[in-house]
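Novice: This is the structure I have questions about; it appears just below.
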Amino acid sequence: MLAFYYEKSFEGVLCAVFDAFKLKKMPECLLAIGQVEPLLVTDRHHVEFCEFKYERVRVALIKKLSKTALRQLMYVWLSELPDSDLIIFRYICKVFKATKSIETDFADPDVLTVREIAKKVSNERHRILEFIRFNAIKNPLNKPYKQASDDDENEECEKIYFSVIGPIYNVLPLVLTFFKERFADQKWAIYDEKRQYGYVYDLNSIEQVSLIDKDDLIINSQVNQNYLTEDEVLFQTMWLRYCNAITIKERVNPKLQRQHMPSRFWRYLPEMKLAVKGHNGI
């Protein structure tokens, strides 16, 4: 069994494709550098990351595949599923070997798998767009939060709209453009607590960030109430009262509610705070 060791990235997969055609050898597994290899590995090749190799394969793919197929490959990578890199690798190799397009050849297991995984990731992206909630908070990225005192009671704190998510797949990079266009005049940040990274928009550009004091800002998947602005606390209180007021208890259908709003999102929604308390463990 031949194993390729490569830099764990989408660009690294493209470099592995370049080496496979250059060496005329197809690996049975792709392993990240330092990853424990299977027992049946008998031959190894270390893929050197090179921008030339990556660009060569990328340009060739653009010529061979449609934008939809290229997007599907990126979605498969962001799925972070086991062997997703090997699926992408085999798919790309088949694209270069084929004399015609394989995009609709669903009899091929790799083509069908790419389509199915991409669809799941796309659905997760739409769920994030639908269920994400922003909280107006005092910006913790500029200076540490401190309790307000008489000396700084009137001090104006910079406000930023902050949201916490925990999607099944790594779809955060797929929603940035949408929120940048929709909230172009507001500073916002979205944090993926599952993968412990996020992005911040400062009215000019979007930058990736990580939170050093995550446990202080995020408690049980909710923003620490001490960070919320006074207007945000008032708004959430009024919003919760409104949701409770329009609810007809006799028509509450938990099964249908979960169907349209998966319970894994409830912890992030202010209007579902009472539901989360009433359904502990969901």
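Lettering and numbering for the structure tokens are positional, with chains as A, B, ... in the shown order, residues counted from 1 in each chain, and ligands counted from 1 in the shown order.
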Residues within 10 Å of stretch 109-119 of chain A, please, as a ChimeraX atom specification. Count only C-alpha atoms; anything in the same chain fewer than 2 positions from it doesn't count.
Specialist: /A:69,71-79,81,84,86-92,94-95,102-107,121-125
Novice: Dump C-alpha atoms for the selected residues as a JSON list (two decimals), in the first residue's frame?
Specialist:
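Here's the written file part21.json:
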```
[["chain", "number", "residue", "atom", "x", "y", "z"],
["A", 69, "ALA", "CA", -18.30, 21.10, -9.54],
["A", 71, "ARG", "CA", -17.71, 24.51, -5.44],
["A", 72, "GLN", "CA", -18.74, 20.95, -4.60],
["A", 73, "LEU", "CA", -15.10, 19.92, -4.17],
["A", 74, "MET", "CA", -14.53, 22.80, -1.75],
["A", 75, "TYR", "CA", -17.68, 21.83, 0.15],
["A", 76, "VAL", "CA", -16.39, 18.26, 0.48],
["A", 77, "TRP", "CA", -13.14, 19.57, 1.92],
["A", 78, "LEU", "CA", -14.99, 21.75, 4.44],
["A", 79, "SER", "CA", -17.08, 18.76, 5.52],
["A", 81, "LEU", "CA", -15.37, 13.95, 7.08],
["A", 84, "SER", "CA", -12.79, 13.47, 2.38],
["A", 86, "LEU", "CA", -8.92, 10.98, -0.54],
["A", 87, "ILE", "CA", -12.35, 11.33, -2.17],
["A", 88, "ILE", "CA", -11.35, 14.72, -3.59],
["A", 89, "PHE", "CA", -8.01, 13.28, -4.73],
["A", 90, "ARG", "CA", -9.62, 10.38, -6.60],
["A", 91, "TYR", "CA", -12.27, 12.64, -8.12],
["A", 92, "ILE", "CA", -9.68, 15.07, -9.49],
["A", 94, "LYS", "CA", -10.58, 10.83, -12.68],
["A", 95, "VAL", "CA", -11.32, 14.28, -14.12],
["A", 102, "ILE", "CA", -17.60, 13.10, -15.28],
["A", 103, "GLU", "CA", -19.70, 15.60, -13.32],
["A", 104, "THR", "CA", -22.96, 13.73, -13.99],
["A", 105, "ASP", "CA", -21.54, 10.21, -13.99],
["A", 106, "PHE", "CA", -23.34, 9.19, -10.79],
["A", 107, "ALA", "CA", -22.60, 5.54, -11.46],
["A", 121, "VAL", "CA", -22.66, 20.92, 3.57],
["A", 122, "SER", "CA", -24.82, 23.27, 1.49],
["A", 123, "ASN", "CA", -27.84, 22.49, 3.68],
["A", 124, "GLU", "CA", -25.81, 23.23, 6.80],
["A", 125, "ARG", "CA", -24.74, 26.55, 5.29]]
```
Novice: I want to know what sits within 10 Å of A:Gln236, based on only C-alpha atoms, with residues of the same chain fewer than 5 positions away left out; could you give that as a PyMOL selection string?
Specialist: chain A and resi 135+231+241-242+270-271
Novice: May I have the selected residues written with all heavy atoms, as an mmCIF file, in the first residue's frame?
Specialist:
```cif
data_model
loop_
_atom_site.group_PDB
_atom_site.id
_atom_site.type_symbol
_atom_site.label_atom_id
_atom_site.label_comp_id
_atom_site.auth_asym_id
_atom_site.auth_seq_id
_atom_site.Cartn_x
_atom_site.Cartn_y
_atom_site.Cartn_z
ATOM 1 N N ASN A 135 -25.495 39.216 18.918
ATOM 2 C CA ASN A 135 -25.686 39.917 20.179
ATOM 3 C C ASN A 135 -24.829 41.173 20.177
ATOM 4 O O ASN A 135 -23.629 41.104 19.871
ATOM 5 C CB ASN A 135 -25.271 39.041 21.366
ATOM 6 C CG ASN A 135 -26.076 37.758 21.452
ATOM 7 O OD1 ASN A 135 -27.088 37.696 22.130
ATOM 8 N ND2 ASN A 135 -25.619 36.719 20.754
ATOM 9 N N ASP A 231 -28.836 48.056 25.749
ATOM 10 C CA ASP A 231 -29.895 47.956 24.735
ATOM 11 C C ASP A 231 -30.143 46.514 24.334
ATOM 12 O O ASP A 231 -31.288 46.116 24.086
ATOM 13 C CB ASP A 231 -29.521 48.783 23.500
ATOM 14 C CG ASP A 231 -29.560 50.268 23.766
ATOM 15 O OD1 ASP A 231 -30.175 50.672 24.777
ATOM 16 O OD2 ASP A 231 -28.966 51.031 22.969
ATOM 17 N N ARG A 241 -40.434 38.075 25.578
ATOM 18 C CA ARG A 241 -41.828 38.306 25.999
ATOM 19 C C ARG A 241 -42.764 38.274 24.797
ATOM 20 O O ARG A 241 -43.872 37.732 24.874
ATOM 21 C CB ARG A 241 -41.930 39.648 26.721
ATOM 22 C CG ARG A 241 -41.272 39.670 28.104
ATOM 23 C CD ARG A 241 -41.370 41.044 28.722
ATOM 24 N NE ARG A 241 -40.748 41.076 30.047
ATOM 25 C CZ ARG A 241 -40.601 42.180 30.769
ATOM 26 N NH1 ARG A 241 -41.048 43.358 30.285
ATOM 27 N NH2 ARG A 241 -40.028 42.145 31.963
ATOM 28 N N TYR A 242 -42.325 38.844 23.699
ATOM 29 C CA TYR A 242 -43.140 38.852 22.482
ATOM 30 C C TYR A 242 -43.380 37.432 21.979
ATOM 31 O O TYR A 242 -44.518 37.056 21.636
ATOM 32 C CB TYR A 242 -42.457 39.686 21.403
ATOM 33 C CG TYR A 242 -43.096 39.572 20.041
ATOM 34 C CD1 TYR A 242 -44.288 40.226 19.742
ATOM 35 C CD2 TYR A 242 -42.506 38.788 19.048
ATOM 36 C CE1 TYR A 242 -44.874 40.108 18.491
ATOM 37 C CE2 TYR A 242 -43.091 38.663 17.792
ATOM 38 C CZ TYR A 242 -44.274 39.328 17.531
ATOM 39 O OH TYR A 242 -44.849 39.208 16.289
ATOM 40 N N PRO A 270 -31.904 33.335 21.349
ATOM 41 C CA PRO A 270 -32.466 33.969 22.554
ATOM 42 C C PRO A 270 -33.915 33.578 22.793
ATOM 43 O O PRO A 270 -34.342 33.408 23.940
ATOM 44 C CB PRO A 270 -32.349 35.467 22.234
ATOM 45 C CG PRO A 270 -31.249 35.578 21.239
ATOM 46 C CD PRO A 270 -31.346 34.323 20.412
ATOM 47 N N GLU A 271 -34.712 33.427 21.721
ATOM 48 C CA GLU A 271 -36.130 33.115 21.883
ATOM 49 C C GLU A 271 -36.375 31.690 22.365
ATOM 50 O O GLU A 271 -37.514 31.340 22.711
ATOM 51 C CB GLU A 271 -36.884 33.341 20.569
ATOM 52 C CG GLU A 271 -36.424 32.462 19.410
ATOM 53 C CD GLU A 271 -35.369 33.121 18.547
ATOM 54 O OE1 GLU A 271 -34.586 33.932 19.098
ATOM 55 O OE2 GLU A 271 -35.321 32.837 17.350
#
```
Novice: Kindly give the distance, in Å, that separates atom CA of A:Thr247 and atom CA of A:Phe162, rounded to a single decimal.
Specialist: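 If I compute the distance from atom CA of A:Thr247 to atom CA of A:Phe162, I get 27.5 Å.
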Novice: Please give the complete set of residues from stretch 38-278 of chain A that DSSP, run on the backbone, assigns to strand (DSSP E or B), formatted as a ChimeraX atom specification.
Specialist: /A:43-46,135-138,159-165,188-192,197-201,206-209,218-219,222-223,228
Novice: Please provide the set of residues having any atom within 12 Å of A:His45, restricted to only C-alpha atoms, with same-chain residues fewer than 3 positions apart removed, written as a list in words.
Specialist: Met1, Leu2, Ala3, Phe4, Tyr5, Tyr6, Ala16, Asp19, Ala20, Leu23, Lys25, Met26, Pro27, Glu28, Cys29, Leu30, Leu31, Ala32, Ile33, Val41, Thr42 and Glu48 of chain A
Novice: If you measure from atom CA of A:Tyr161 to atom CA of A:Ala136, what distance in Å do you get, rounded to one decimal?
Specialist: 4.5 Å
Novice: Quick check for you: according to DSSP on this backbone, which residues of stretch 54-109 of chain A are classed as alpha helix (DSSP H)? Reply as a ChimeraX atom specification.
Specialist: /A:54-64,67-79,84-97,109
